[in-house]
Amino acid sequence: MTTRTATGAEVSITGLTVGYGGEPVLHGINLDMKPGEIVAVLGANGAGKSTLLRTLAGLVRPTAGTIDLFRSDITGLRTEDRARRGLALVPDGQSVVAELSVDENLRLGALWRHRGPARARAIGRVYELFEPLDRRRSSAGHQLSGGERQMLAIGRALVAEPTLLAVDEPSLGLAPRVVADLMAVLRDASARTGLTILLAEQNVTSALSIADRGVVLSLGRIVADAPAETLSNDAALRHAYLGF
Amino acid sequence: MNRIAPALTGTRRTIVFGAVLTVLAIAGTFGLDPYRNFQLATIVAYFCAVAGLTLLVGLTGQLSLGHAALMAVGGYAYALTANLATDWGLDGVPRFLLGMLGALVVSTVHGLLLGLAGARLQGPYLAGVTLAIAIALPAVTAQFSGVLGGDQGLQIAYEGVPEIFSRLIVVEQWHAWVSILIAGVVVTALAAVRRSALGLKMRAVRDDETAARLSGVPAARVKVIAFTLSSVAAGAGGAALCFVTQSISPGAYTLAFSLLLVVAAVVGGLGSIGGAALGAALIVLLPWLVGTVTDAFEMSADLEQRLSGNLGLLVFGGLLIVVMLARPGGLASIGLRRGRGRTAPPRSPSPFGPAASAAAPTDSPADEADTDRTGVKEVAVHVPTERER
Amino acid sequence: MDHLLFLLATGLARGAIFALFALSLVLIWRAARIINFAQGAMALVATYVAFAVTGLSGSYWVGLTAGILAGAVIGFGVERGLMRFTKDSHPLAGIIVAIGLVMVLQALLGIFFGQQHRPMQTPFSDSPLLWGDTPLLSPYDLFVLVVALGVMGVMALLFNRTSLGLQLRASAFAPEVSRVLGVRVSRMVTIGWMLSAAVAALAAMLLVPTELGLNPHSTDVLFIYAFTVAVVGGLDSPVGALIGGLVVGVAMTLVTGYIGATVAPIGVLVLLLLVLLVRPGGIFSMREARSA
Ligand SMILES: Nc1ncnc2c1ncn2[C@@H]1O[C@H](COP(=O)(O)OP(=O)(O)O)[C@@H](O)[C@H]1O
Ligand SMILES: [Mg+2]
């Protein structure tokens with residue numbers, strides 16, 4: 001994906017407490033990620049997955065706790081500055097800019113990272129990765145199918161060559177076939193560039209199929225943190241928190 | 001208020017309260033000299049319009065930038081009807097009542113038509129339309145100058161003191177009485193609406209129109225009614241002003257005046273009727289105060305001319321910005337804070353010194369009697385709490 | 001018939017100014033979701049700057065440039081100093097603060113420059129050229145048309161062909177997603193205000209010489225016309241602003257020419273009400289939403 005020797009981010013989240021005015025939604029979350037690691041955040045609807053990712057991106061302010069990226073504290077940084085430090089968020093809901101074309105969406109993602117011909121090359125690599133997008137370069141965001149929109153959202157994050165990618169429920173509302181393809185893209189990106197990925201999912205099987213490690217969120221607390229394999233095999237845990 | 005009249009509740013309490021304040025205000029006119037009574041009559045006429053505006057903005061969230069034009073509609077209707085009555089040989093009270101009837105009917109119809117258009121519009125659009133109305137007013141009066149008298153406007157016959165009072169009061173005081181009576185009726189009605197089921201629906205529409213509609217509130221109809229009520233109140237204020245000044249012309253109802261009414265409503269506190277009284281007093285007295293202050297300084301005629309009018313405008317614009325950004329609840333919300341303590345007297349509208357006596361801040365026509373101060377406090381305490389619902 | 005051609009040509013020039021000013025309203029609407037009721041007063045202050053600088057330097061062009069720059073500076077100041085803070089306040093705070101600003105600016109202009117009308121010079125003659133015996137349009141009208149259409153063209157290029165334009169559009173449509181992608185959205189909002197205020201200043205400077213002259217209320221009516229144009233064209237639509245401006249300009253000039261100047265404001269009011277009642281989203285809003 002890149003010519004740079006990319007290293008994935010080292011992330012350390014400590015004592016993170018987040019609320020929307022009332023009771024906290026996340027209670028003192030601790031989570032460390034090694035460079036190149038893929039961590040799945042699992043949990044039911046309303047567990048706090050999106051809140052965790054949005055706080056990581058700076059869209060929500062924590063009431064307590066710190067977030068370190070590459071051992072430097074980014075808790076006070078604005079969203080756009082975190083992005084420029086290599087932190088990319090793919091928000092939930094296949095969030096493309098509906099009024100902009102596919103090409104413009106990708107250019108937007110690449111703006112701060114690449115200039116001139118390098119930008120065109122980076123965008124070209126996304127088109128190689130997601131062929132359906134290549135055919136729809138000038139279509140507006142709102143004309144795409146759900147799968148295409150999710151590809152665009154992920155491609156738009158990858159085009160900036162982040163070191164930490166946070167993806168919020170990419171599988172939601174998509175066909176299993178498309179989900180599998182997207183997961184493969186994420187796994188390959190991590191394998192190729194050492195990208196660190198935080199993947200929030202309710203679709204446990206898909207997420208654990210590519211994750212190194214999984215953490216289970218329940219009502220805003222981490223109730224399990226274990227290697228993916230252990231989680232898949234722990235019937236009691238699966239039953240208690242993941243519903244299968 | 002419960003302390004004063006614990007047995008009264010709801011609409012009846014509002015009516016009694018309004019009546020008491022009206023009587024007190026009329027009594028208060030005996031303490032004022034003719035010029036002050038004229039100022040009072042003006043303030044009270046403005047109060048009508050500002051109360052209507054504050055209800056519209058505060059309760060339904062619709063902003064009108066053309067309320068002076070709506071006043072003018074009432075004023076012109078009053079003048080036309082009263083002049084017709086003069087031709088029929090009527091005068092005095094019958095002529096006045098007929099004129100008021102004309103003003104109210106025309107204001108209702110006009111407000112209804114505009115409200116129908118406005119109900120479909122959100123904030124900025126209605127604001128733009130009403131702004132356009134304010135700007136079009138001179139064009140309308142020029143276009144129909146045969147009826148409306150063009151730039152000159154219309155004159156009405158002199159309204160002297162009726163026979164029975166002629167030994168008691170002078171004409172300025174009589175005009176103040178009439179103005180107070182009009183405002184007393186109109187504002188009491190508005191206050192009753194404010195605390196009625198309709199008032200509740202208005203707030204529901206303001207807070208979330210879609211949600212209100214989903215829970216069965218006919219949002220569009222509520223907005224039309226609100227705009228119509230507001231237009232009638234403004235029209236009544238315009239009629240009162242026409243009665244007091246015995247004339248009406250487009251030059252008295254400019255865009256600047258419309259914006260001044262917004263200042264009064266905002267600075268007083270959007271949605272608060274007590275605040276509307278404070279605001280109305282403010283927009284009459286502040287320019288006068290500024291004039292008095294600048295008169296005290298020696299300056300060239302040119303500078304004086306530049307300052308006159310503009311200095312007041314500057315202060316009003318600044319007030320509007322500061323209040324909106326720092327304290328969107330306006331003066332009424334300050335009254336609330338102070339009032340909670342139950343010890344400190346409510347803040348008077350501004351440090352006017354003696355002038356404040358001419359415009360005691362009340363929920364209804366002004367009065368300088370000390371007893372009424374208690375009423376002020378009650379209003380200041382009561383009104384915003386209900387608004388915060 | 002001769003008269004008609006002349007009115008059409010003048011109307012187009014006038015309409016181009018309305019369109020330009022309406023475009024400035026659209027720019028702010030797209031950047032900040034605010035209809036800036038102070039746009040006229042802000043543009044007027046810039047016009048006074050142009051007037052003063054022209055007086056000092058003796059050059060119309062230096063004054064024009066100064067006025068445009070002043071417009072941008074005022075836009076910056078108003079956004080950073082006032083409008084930014086209206087977001088978390090009362091829902092009507094944006095409009096009401098803008099109204100307060102209008103009063104402050106007009107009062108200051110009145111205090112510093114007085115209420116009298118001050119004639120502004122034009123760089124070209126404003127008496128109409130003849131085509132045969134038929135009066136057509138004046139060199140100044142031609143200048144206005146060229147400048148207004150030129151500026152709109154430049155804006156279109158800026159928004160559709162440059163990275164800055166891409167970021168401006170993205171920030172307007174999807175501020176949160178844009179921030180996640182590293183776009184400095186709040187800077188984009190400020191730039192939007194600066195561009196908008198500069199365009200409005202230009203429009204006002206083009207219009208005032210054709211009117212009675214410069215006075216603290218010179219742009220009151222311009223604002224209403226441009227507001228109408230923006231509503232007719234759809235607040236989200238720059239193309240709508242252009243077409244709406246030309247239509248309203250021609251219509252108003254015809255009304256003024258054939259019926260009388262006093263009817264024009266009534267005509268605008270009627271048009272505004274009609275459009276809002278029949279098609280509240282504006283006439284061009286649908287198509288634009290698809291193609292933007
Ligand atoms: N913008 C918001 N305002 C208030 N509460 C919110 C907001 N977003 C999420 N919540 C609440 O926070 C909790 C966690 O939500 P979320 O992080 O979206 O969970 P998940 O992504 O795991 O479904 C839920 O109870 C939800 O209702
Ligand atoms: Mg979620």
# chains A, B, ... in the order shown; residues from 1 in each chain; ligands from 1

call {"tool": "residues_around", "arguments": {"residues": "Val90 in chain A", "least_positions_apart": "4", "cutoff": "12 Å", "atoms": "only C-alpha atoms", "output": "MDAnalysis selection string"}}
result
(chainID A and resid 50 53:54 56:57 83 94:96 109 149:158 162 164:170 197:200) or (chainID C and resid 176:181)

call {"tool": "residues_near_ligand", "arguments": {"ligand": "ligand 1", "cutoff": "12 Å", "atoms": "only C-alpha atoms and all ligand atoms", "output": "short mmCIF file (atom, residue, chain, number, x, y, z; two decimals) with all heavy atoms, in the first residue's frame"}}
result
data_model
loop_
_atom_site.label_atom_id
_atom_site.label_comp_id
_atom_site.auth_asym_id
_atom_site.auth_seq_id
_atom_site.Cartn_x
_atom_site.Cartn_y
_atom_site.Cartn_z
N THR A 17 -12.88 7.53 30.92
CA THR A 17 -14.28 7.63 31.33
C THR A 17 -14.96 8.67 30.46
O THR A 17 -14.45 9.79 30.31
CB THR A 17 -14.38 8.03 32.81
OG1 THR A 17 -13.72 7.03 33.59
CG2 THR A 17 -15.83 8.15 33.25
N VAL A 18 -16.09 8.30 29.85
CA VAL A 18 -16.75 9.17 28.89
C VAL A 18 -18.25 9.18 29.16
O VAL A 18 -18.83 8.14 29.47
CB VAL A 18 -16.52 8.70 27.44
CG1 VAL A 18 -17.04 9.73 26.46
CG2 VAL A 18 -15.05 8.42 27.18
N GLY A 19 -18.86 10.34 29.06
CA GLY A 19 -20.31 10.43 29.19
C GLY A 19 -20.85 11.46 28.24
O GLY A 19 -20.11 12.24 27.65
N TYR A 20 -22.17 11.46 28.09
CA TYR A 20 -22.82 12.49 27.24
C TYR A 20 -23.63 13.42 28.12
O TYR A 20 -24.79 13.68 27.87
CB TYR A 20 -23.71 11.83 26.21
CG TYR A 20 -22.96 11.02 25.18
CD1 TYR A 20 -22.81 9.65 25.33
CD2 TYR A 20 -22.41 11.62 24.06
CE1 TYR A 20 -22.14 8.89 24.39
CE2 TYR A 20 -21.74 10.88 23.11
CZ TYR A 20 -21.61 9.52 23.27
OH TYR A 20 -20.95 8.78 22.34
N GLY A 21 -23.05 13.87 29.20
CA GLY A 21 -23.80 14.77 30.08
C GLY A 21 -24.31 14.07 31.32
O GLY A 21 -24.12 14.52 32.43
N GLY A 22 -24.94 12.90 31.15
CA GLY A 22 -25.48 12.19 32.30
C GLY A 22 -24.49 11.18 32.87
O GLY A 22 -23.30 11.47 33.01
N GLU A 23 -24.98 10.00 33.17
CA GLU A 23 -24.13 8.91 33.65
C GLU A 23 -23.05 8.60 32.63
O GLU A 23 -23.30 8.68 31.42
CB GLU A 23 -24.99 7.65 33.86
CG GLU A 23 -25.67 7.59 35.20
CD GLU A 23 -24.67 7.24 36.29
OE1 GLU A 23 -24.24 6.07 36.34
OE2 GLU A 23 -24.31 8.14 37.08
N PRO A 24 -21.85 8.21 33.08
CA PRO A 24 -20.82 7.82 32.10
C PRO A 24 -21.28 6.63 31.26
O PRO A 24 -22.04 5.79 31.74
CB PRO A 24 -19.63 7.42 32.98
CG PRO A 24 -19.86 8.07 34.28
CD PRO A 24 -21.34 8.20 34.45
N VAL A 25 -20.80 6.64 30.02
CA VAL A 25 -21.12 5.55 29.10
C VAL A 25 -19.95 4.57 29.05
O VAL A 25 -20.12 3.39 28.81
CB VAL A 25 -21.42 6.15 27.71
CG1 VAL A 25 -21.44 5.09 26.66
CG2 VAL A 25 -22.75 6.90 27.75
N LEU A 26 -18.75 5.08 29.30
CA LEU A 26 -17.56 4.23 29.44
C LEU A 26 -16.98 4.47 30.83
O LEU A 26 -16.86 5.61 31.27
CB LEU A 26 -16.50 4.58 28.39
CG LEU A 26 -16.84 4.28 26.93
CD1 LEU A 26 -15.68 4.70 26.03
CD2 LEU A 26 -17.14 2.80 26.73
N HIS A 27 -16.62 3.40 31.49
CA HIS A 27 -16.11 3.53 32.87
C HIS A 27 -14.66 3.07 32.94
O HIS A 27 -14.40 1.88 32.93
CB HIS A 27 -16.94 2.66 33.84
CG HIS A 27 -18.41 2.93 33.77
ND1 HIS A 27 -19.06 3.78 34.63
CD2 HIS A 27 -19.37 2.45 32.94
CE1 HIS A 27 -20.35 3.81 34.34
NE2 HIS A 27 -20.56 3.01 33.31
N VAL A 41 -13.17 -4.94 19.11
CA VAL A 41 -13.97 -4.52 20.25
C VAL A 41 -15.36 -5.10 20.06
O VAL A 41 -16.06 -4.74 19.11
CB VAL A 41 -14.06 -2.99 20.35
CG1 VAL A 41 -14.86 -2.59 21.58
CG2 VAL A 41 -12.68 -2.40 20.41
N LEU A 42 -15.72 -6.02 20.91
CA LEU A 42 -16.99 -6.71 20.73
C LEU A 42 -17.96 -6.27 21.81
O LEU A 42 -17.56 -5.81 22.87
CB LEU A 42 -16.76 -8.23 20.82
CG LEU A 42 -15.64 -8.74 19.90
CD1 LEU A 42 -15.31 -10.19 20.22
CD2 LEU A 42 -16.05 -8.59 18.45
N GLY A 43 -19.23 -6.43 21.52
CA GLY A 43 -20.22 -6.06 22.53
C GLY A 43 -21.56 -5.79 21.89
O GLY A 43 -21.63 -5.49 20.69
N ALA A 44 -22.59 -5.87 22.69
CA ALA A 44 -23.94 -5.70 22.19
C ALA A 44 -24.18 -4.25 21.81
O ALA A 44 -23.36 -3.37 22.08
CB ALA A 44 -24.94 -6.14 23.25
N ASN A 45 -25.31 -4.00 21.21
CA ASN A 45 -25.74 -2.66 20.90
C ASN A 45 -25.78 -1.81 22.18
O ASN A 45 -26.30 -2.26 23.19
CB ASN A 45 -27.15 -2.73 20.31
CG ASN A 45 -27.30 -1.78 19.16
OD1 ASN A 45 -26.48 -0.87 18.99
ND2 ASN A 45 -28.32 -1.98 18.36
N GLY A 46 -25.20 -0.64 22.13
CA GLY A 46 -25.26 0.23 23.31
C GLY A 46 -24.18 -0.05 24.33
O GLY A 46 -24.15 0.57 25.39
N ALA A 47 -23.27 -0.98 24.03
CA ALA A 47 -22.23 -1.31 25.00
C ALA A 47 -21.22 -0.18 25.15
O ALA A 47 -20.59 -0.04 26.20
CB ALA A 47 -21.51 -2.59 24.57
N GLY A 48 -21.07 0.63 24.10
CA GLY A 48 -20.13 1.74 24.18
C GLY A 48 -19.00 1.65 23.15
O GLY A 48 -18.03 2.41 23.24
N LYS A 49 -19.15 0.79 22.17
CA LYS A 49 -18.10 0.62 21.17
C LYS A 49 -17.86 1.91 20.39
O LYS A 49 -16.72 2.38 20.26
CB LYS A 49 -18.46 -0.52 20.20
CG LYS A 49 -18.74 -1.85 20.86
CD LYS A 49 -19.08 -2.93 19.85
CE LYS A 49 -20.36 -2.67 19.06
NZ LYS A 49 -21.59 -2.68 19.88
N SER A 50 -18.95 2.44 19.86
CA SER A 50 -18.80 3.67 19.06
C SER A 50 -18.25 4.80 19.90
O SER A 50 -17.41 5.58 19.44
CB SER A 50 -20.16 4.09 18.48
OG SER A 50 -20.63 3.12 17.61
N THR A 51 -18.70 4.88 21.14
CA THR A 51 -18.21 5.94 22.01
C THR A 51 -16.70 5.83 22.20
O THR A 51 -15.98 6.82 22.17
CB THR A 51 -18.94 5.87 23.37
OG1 THR A 51 -20.34 5.95 23.14
CG2 THR A 51 -18.51 7.00 24.27
N LEU A 52 -16.23 4.60 22.38
CA LEU A 52 -14.79 4.39 22.54
C LEU A 52 -14.03 4.88 21.31
O LEU A 52 -13.05 5.62 21.41
CB LEU A 52 -14.51 2.90 22.79
CG LEU A 52 -13.05 2.52 22.93
CD1 LEU A 52 -12.41 3.23 24.12
CD2 LEU A 52 -12.88 1.00 23.06
N LEU A 53 -14.53 4.50 20.13
CA LEU A 53 -13.83 4.89 18.91
C LEU A 53 -13.90 6.39 18.67
O LEU A 53 -12.93 7.02 18.23
CB LEU A 53 -14.43 4.12 17.72
CG LEU A 53 -13.70 2.83 17.34
CD1 LEU A 53 -13.68 1.87 18.52
CD2 LEU A 53 -14.32 2.17 16.13
N ARG A 54 -15.07 6.96 18.96
CA ARG A 54 -15.22 8.40 18.74
C ARG A 54 -14.37 9.21 19.72
O ARG A 54 -13.87 10.29 19.39
CB ARG A 54 -16.69 8.80 18.84
CG ARG A 54 -17.53 8.25 17.67
CD ARG A 54 -19.02 8.37 17.93
NE ARG A 54 -19.42 9.76 18.09
CZ ARG A 54 -19.63 10.59 17.08
NH1 ARG A 54 -19.51 10.14 15.84
NH2 ARG A 54 -19.95 11.83 17.29
N THR A 55 -14.22 8.69 20.92
CA THR A 55 -13.35 9.37 21.89
C THR A 55 -11.90 9.27 21.44
O THR A 55 -11.12 10.23 21.54
CB THR A 55 -13.51 8.75 23.28
OG1 THR A 55 -14.89 8.61 23.58
CG2 THR A 55 -12.85 9.61 24.34
N LEU A 56 -11.56 8.12 20.90
CA LEU A 56 -10.20 7.93 20.39
C LEU A 56 -9.91 8.96 19.30
O LEU A 56 -8.83 9.55 19.24
CB LEU A 56 -10.09 6.50 19.82
CG LEU A 56 -8.73 6.02 19.38
CD1 LEU A 56 -7.79 5.94 20.57
CD2 LEU A 56 -8.85 4.64 18.72
N LEU A 59 -13.74 13.06 18.77
CA LEU A 59 -15.06 13.63 18.51
C LEU A 59 -15.86 13.79 19.79
O LEU A 59 -16.79 14.58 19.87
CB LEU A 59 -15.84 12.75 17.52
CG LEU A 59 -15.28 12.72 16.11
CD1 LEU A 59 -15.96 11.66 15.27
CD2 LEU A 59 -15.41 14.08 15.45
N VAL A 60 -15.49 12.99 20.80
CA VAL A 60 -16.12 13.10 22.11
C VAL A 60 -15.00 13.32 23.12
O VAL A 60 -13.93 12.72 22.99
CB VAL A 60 -16.89 11.81 22.46
CG1 VAL A 60 -17.62 11.96 23.78
CG2 VAL A 60 -17.85 11.45 21.36
N ARG A 61 -15.25 14.21 24.08
CA ARG A 61 -14.22 14.49 25.09
C ARG A 61 -14.40 13.59 26.30
O ARG A 61 -15.52 13.51 26.83
CB ARG A 61 -14.32 15.95 25.54
CG ARG A 61 -14.01 16.94 24.45
CD ARG A 61 -12.53 17.28 24.44
NE ARG A 61 -12.13 17.58 23.06
CZ ARG A 61 -10.87 17.52 22.63
NH1 ARG A 61 -9.91 17.18 23.45
NH2 ARG A 61 -10.58 17.79 21.38
N PRO A 91 -16.16 6.11 10.61
CA PRO A 91 -17.33 6.14 11.49
C PRO A 91 -18.37 5.10 11.05
O PRO A 91 -18.28 4.57 9.95
CB PRO A 91 -17.89 7.56 11.31
CG PRO A 91 -16.82 8.33 10.64
CD PRO A 91 -16.03 7.35 9.84
N ASP A 92 -19.32 4.84 11.93
CA ASP A 92 -20.34 3.87 11.56
C ASP A 92 -21.28 4.47 10.51
O ASP A 92 -21.27 5.66 10.24
CB ASP A 92 -21.12 3.40 12.80
CG ASP A 92 -21.70 4.58 13.58
OD1 ASP A 92 -21.45 5.73 13.17
OD2 ASP A 92 -22.39 4.34 14.58
N GLY A 93 -22.06 3.61 9.91
CA GLY A 93 -23.06 4.08 8.95
C GLY A 93 -22.51 4.41 7.58
O GLY A 93 -23.05 5.27 6.89
N VAL A 167 -12.19 1.27 12.98
CA VAL A 167 -13.32 1.04 12.08
C VAL A 167 -14.54 0.66 12.91
O VAL A 167 -14.48 -0.29 13.69
CB VAL A 167 -13.02 -0.09 11.07
CG1 VAL A 167 -14.04 -0.08 9.95
CG2 VAL A 167 -11.62 0.07 10.51
N ASP A 168 -15.63 1.39 12.70
CA ASP A 168 -16.83 1.17 13.50
C ASP A 168 -17.87 0.38 12.73
O ASP A 168 -18.46 0.89 11.77
CB ASP A 168 -17.40 2.52 13.94
CG ASP A 168 -18.38 2.37 15.10
OD1 ASP A 168 -18.73 1.22 15.45
OD2 ASP A 168 -18.81 3.41 15.65
N GLU A 169 -18.07 -0.87 13.13
CA GLU A 169 -19.08 -1.76 12.57
C GLU A 169 -19.15 -1.73 11.04
O GLU A 169 -20.19 -1.40 10.47
CB GLU A 169 -20.45 -1.43 13.15
CG GLU A 169 -20.47 -1.63 14.66
CD GLU A 169 -21.80 -2.16 15.17
OE1 GLU A 169 -22.40 -3.01 14.46
OE2 GLU A 169 -22.20 -1.76 16.26
N PRO A 170 -18.06 -2.10 10.37
CA PRO A 170 -18.11 -2.08 8.91
C PRO A 170 -19.08 -3.10 8.33
O PRO A 170 -19.54 -2.94 7.20
CB PRO A 170 -16.67 -2.43 8.51
CG PRO A 170 -16.11 -3.14 9.69
CD PRO A 170 -16.78 -2.55 10.89
N LEU A 172 -22.11 -3.80 9.21
CA LEU A 172 -23.52 -3.53 9.44
C LEU A 172 -24.29 -3.38 8.12
O LEU A 172 -23.96 -2.55 7.28
CB LEU A 172 -23.67 -2.25 10.27
CG LEU A 172 -24.98 -2.14 11.05
CD1 LEU A 172 -25.02 -3.20 12.14
CD2 LEU A 172 -25.11 -0.76 11.66
N LEU A 199 -11.10 -2.63 15.70
CA LEU A 199 -12.27 -2.95 14.90
C LEU A 199 -13.47 -3.20 15.81
O LEU A 199 -13.51 -4.19 16.52
CB LEU A 199 -11.94 -4.21 14.07
CG LEU A 199 -13.06 -4.86 13.27
CD1 LEU A 199 -13.57 -3.92 12.20
CD2 LEU A 199 -12.55 -6.16 12.64
N ALA A 200 -14.43 -2.28 15.81
CA ALA A 200 -15.63 -2.47 16.62
C ALA A 200 -16.64 -3.27 15.82
O ALA A 200 -16.90 -2.95 14.66
CB ALA A 200 -16.22 -1.11 17.00
N GLU A 201 -17.15 -4.32 16.40
CA GLU A 201 -18.08 -5.18 15.66
C GLU A 201 -19.09 -5.85 16.58
O GLU A 201 -18.79 -6.16 17.73
CB GLU A 201 -17.30 -6.29 14.91
CG GLU A 201 -16.96 -5.95 13.48
CD GLU A 201 -18.19 -5.74 12.60
OE1 GLU A 201 -19.31 -6.03 13.03
OE2 GLU A 201 -18.02 -5.26 11.46
N GLN A 202 -20.27 -6.07 16.05
CA GLN A 202 -21.20 -7.00 16.70
C GLN A 202 -21.11 -8.36 16.03
O GLN A 202 -21.49 -9.37 16.60
CB GLN A 202 -22.64 -6.48 16.58
CG GLN A 202 -22.91 -5.29 17.47
CD GLN A 202 -24.39 -5.00 17.55
OE1 GLN A 202 -25.14 -5.79 18.09
NE2 GLN A 202 -24.78 -3.87 17.00
N ASN A 203 -20.62 -8.32 14.79
CA ASN A 203 -20.44 -9.55 14.04
C ASN A 203 -19.16 -10.23 14.52
O ASN A 203 -18.07 -10.08 13.95
CB ASN A 203 -20.36 -9.18 12.55
CG ASN A 203 -20.31 -10.41 11.67
OD1 ASN A 203 -19.96 -11.51 12.13
ND2 ASN A 203 -20.65 -10.22 10.41
N VAL A 216 -14.07 -7.53 25.12
CA VAL A 216 -15.52 -7.53 25.16
C VAL A 216 -15.98 -6.40 26.07
O VAL A 216 -15.55 -6.29 27.21
CB VAL A 216 -16.06 -8.88 25.70
CG1 VAL A 216 -17.58 -8.85 25.73
CG2 VAL A 216 -15.55 -10.02 24.83
N LEU A 217 -16.81 -5.52 25.50
CA LEU A 217 -17.37 -4.40 26.25
C LEU A 217 -18.78 -4.77 26.68
O LEU A 217 -19.56 -5.29 25.89
CB LEU A 217 -17.47 -3.16 25.36
CG LEU A 217 -16.37 -2.11 25.36
CD1 LEU A 217 -16.81 -0.95 24.48
CD2 LEU A 217 -16.07 -1.63 26.75
N SER A 218 -19.08 -4.49 27.93
CA SER A 218 -20.45 -4.65 28.37
C SER A 218 -20.80 -3.49 29.28
O SER A 218 -20.11 -3.24 30.27
CB SER A 218 -20.62 -5.98 29.10
OG SER A 218 -21.93 -6.06 29.63
N LEU A 219 -21.85 -2.77 28.92
CA LEU A 219 -22.29 -1.61 29.69
C LEU A 219 -21.12 -0.68 30.05
O LEU A 219 -21.02 -0.20 31.16
CB LEU A 219 -23.00 -2.06 30.97
CG LEU A 219 -24.28 -2.87 30.73
CD1 LEU A 219 -24.85 -3.36 32.05
CD2 LEU A 219 -25.30 -2.04 29.96
N GLY A 220 -20.25 -0.48 29.09
CA GLY A 220 -19.19 0.50 29.28
C GLY A 220 -17.97 0.01 30.04
O GLY A 220 -17.14 0.81 30.43
N ARG A 221 -17.89 -1.30 30.29
CA ARG A 221 -16.71 -1.83 30.96
C ARG A 221 -16.14 -2.99 30.14
O ARG A 221 -16.88 -3.70 29.48
CB ARG A 221 -17.06 -2.35 32.36
CG ARG A 221 -17.45 -1.26 33.32
CD ARG A 221 -17.84 -1.85 34.66
NE ARG A 221 -18.85 -1.04 35.31
CZ ARG A 221 -18.59 0.03 36.05
NH1 ARG A 221 -17.35 0.39 36.27
NH2 ARG A 221 -19.56 0.76 36.57
N ILE A 222 -14.80 -3.13 30.25
CA ILE A 222 -14.19 -4.28 29.58
C ILE A 222 -14.34 -5.49 30.48
O ILE A 222 -13.88 -5.50 31.61
CB ILE A 222 -12.71 -4.00 29.27
CG1 ILE A 222 -12.63 -2.89 28.22
CG2 ILE A 222 -12.02 -5.27 28.79
CD1 ILE A 222 -11.23 -2.63 27.71
#

call {"tool": "closest_residue", "arguments": {"among": "A:Phe130, A:Arg113, A:Ser171, A:Asp68", "to": "ligand 2", "atoms": "only C-alpha atoms and all ligand atoms"}}
result
A:Ser171

call {"tool": "closest_atom_pairs", "arguments": {"of": "chain C", "to": "chain B", "cutoff": "9 Å", "atoms": "only C-alpha atoms", "output": "tab-separated table"}}
result
residue	atom	partner	partner_atom	distance
C:Ile34	CA	B:Pro124	CA	8.2
C:Ile35	CA	B:Pro124	CA	6.5
C:Phe37	CA	B:Gly128	CA	8.5
C:Leu82	CA	B:Ile321	CA	8.5
C:Phe85	CA	B:Leu325	CA	7.1
C:Thr86	CA	B:Leu325	CA	6.7
C:Ser89	CA	B:Leu325	CA	6.7
C:His90	CA	B:Pro328	CA	6.6
C:Pro91	CA	B:Gly61	CA	8.1
C:Leu92	CA	B:Gly123	CA	7.2
C:Ala93	CA	B:Met324	CA	6.2
C:Ile95	CA	B:Pro124	CA	7.3
C:Ile96	CA	B:Leu320	CA	7.3
C:Val97	CA	B:Ile321	CA	4.9
C:Ala98	CA	B:Ile321	CA	8.0
C:Ile99	CA	B:Gly317	CA	7.4
C:Gly100	CA	B:Gly317	CA	4.0
C:Leu101	CA	B:Gly317	CA	6.1
C:Val102	CA	B:Gly317	CA	7.3
C:Met103	CA	B:Gly317	CA	4.8
C:Val104	CA	B:Leu314	CA	4.7
C:Leu105	CA	B:Leu314	CA	7.8
C:Gln106	CA	B:Asn310	CA	7.9
C:Ala107	CA	B:Asn310	CA	4.6
C:Leu108	CA	B:Leu314	CA	7.0
C:Leu109	CA	B:Asn310	CA	8.7
C:Gly110	CA	B:Arg306	CA	6.1
C:Ile111	CA	B:Arg306	CA	4.9
C:Phe112	CA	B:Arg306	CA	7.6
C:Phe113	CA	B:Arg306	CA	8.1
C:Gly114	CA	B:Arg306	CA	5.5
C:Gln115	CA	B:Arg306	CA	7.4
C:Asp220	CA	B:Ile135	CA	8.2
C:Val221	CA	B:Ile135	CA	7.4
C:Ile224	CA	B:Ala132	CA	6.1
C:Tyr225	CA	B:Ala132	CA	8.7
C:Phe227	CA	B:Gly128	CA	7.2
C:Thr228	CA	B:Gly128	CA	8.2
C:Val231	CA	B:Tyr125	CA	8.2
C:Ala261	CA	B:Ala139	CA	8.7
C:Thr262	CA	B:Ala139	CA	5.1
C:Val263	CA	B:Ala139	CA	6.4
C:Ala264	CA	B:Ala139	CA	8.1
C:Pro265	CA	B:Ala136	CA	5.3
C:Ile266	CA	B:Ala136	CA	5.6
C:Val268	CA	B:Ala132	CA	8.0
C:Leu269	CA	B:Ala132	CA	5.9
C:Leu272	CA	B:Val129	CA	7.1
C:Leu273	CA	B:Ala117	CA	7.1
C:Leu274	CA	B:Ala117	CA	8.9
C:Leu276	CA	B:Leu121	CA	7.5
C:Leu277	CA	B:Ala117	CA	6.2
C:Pro280	CA	B:Leu121	CA	7.6
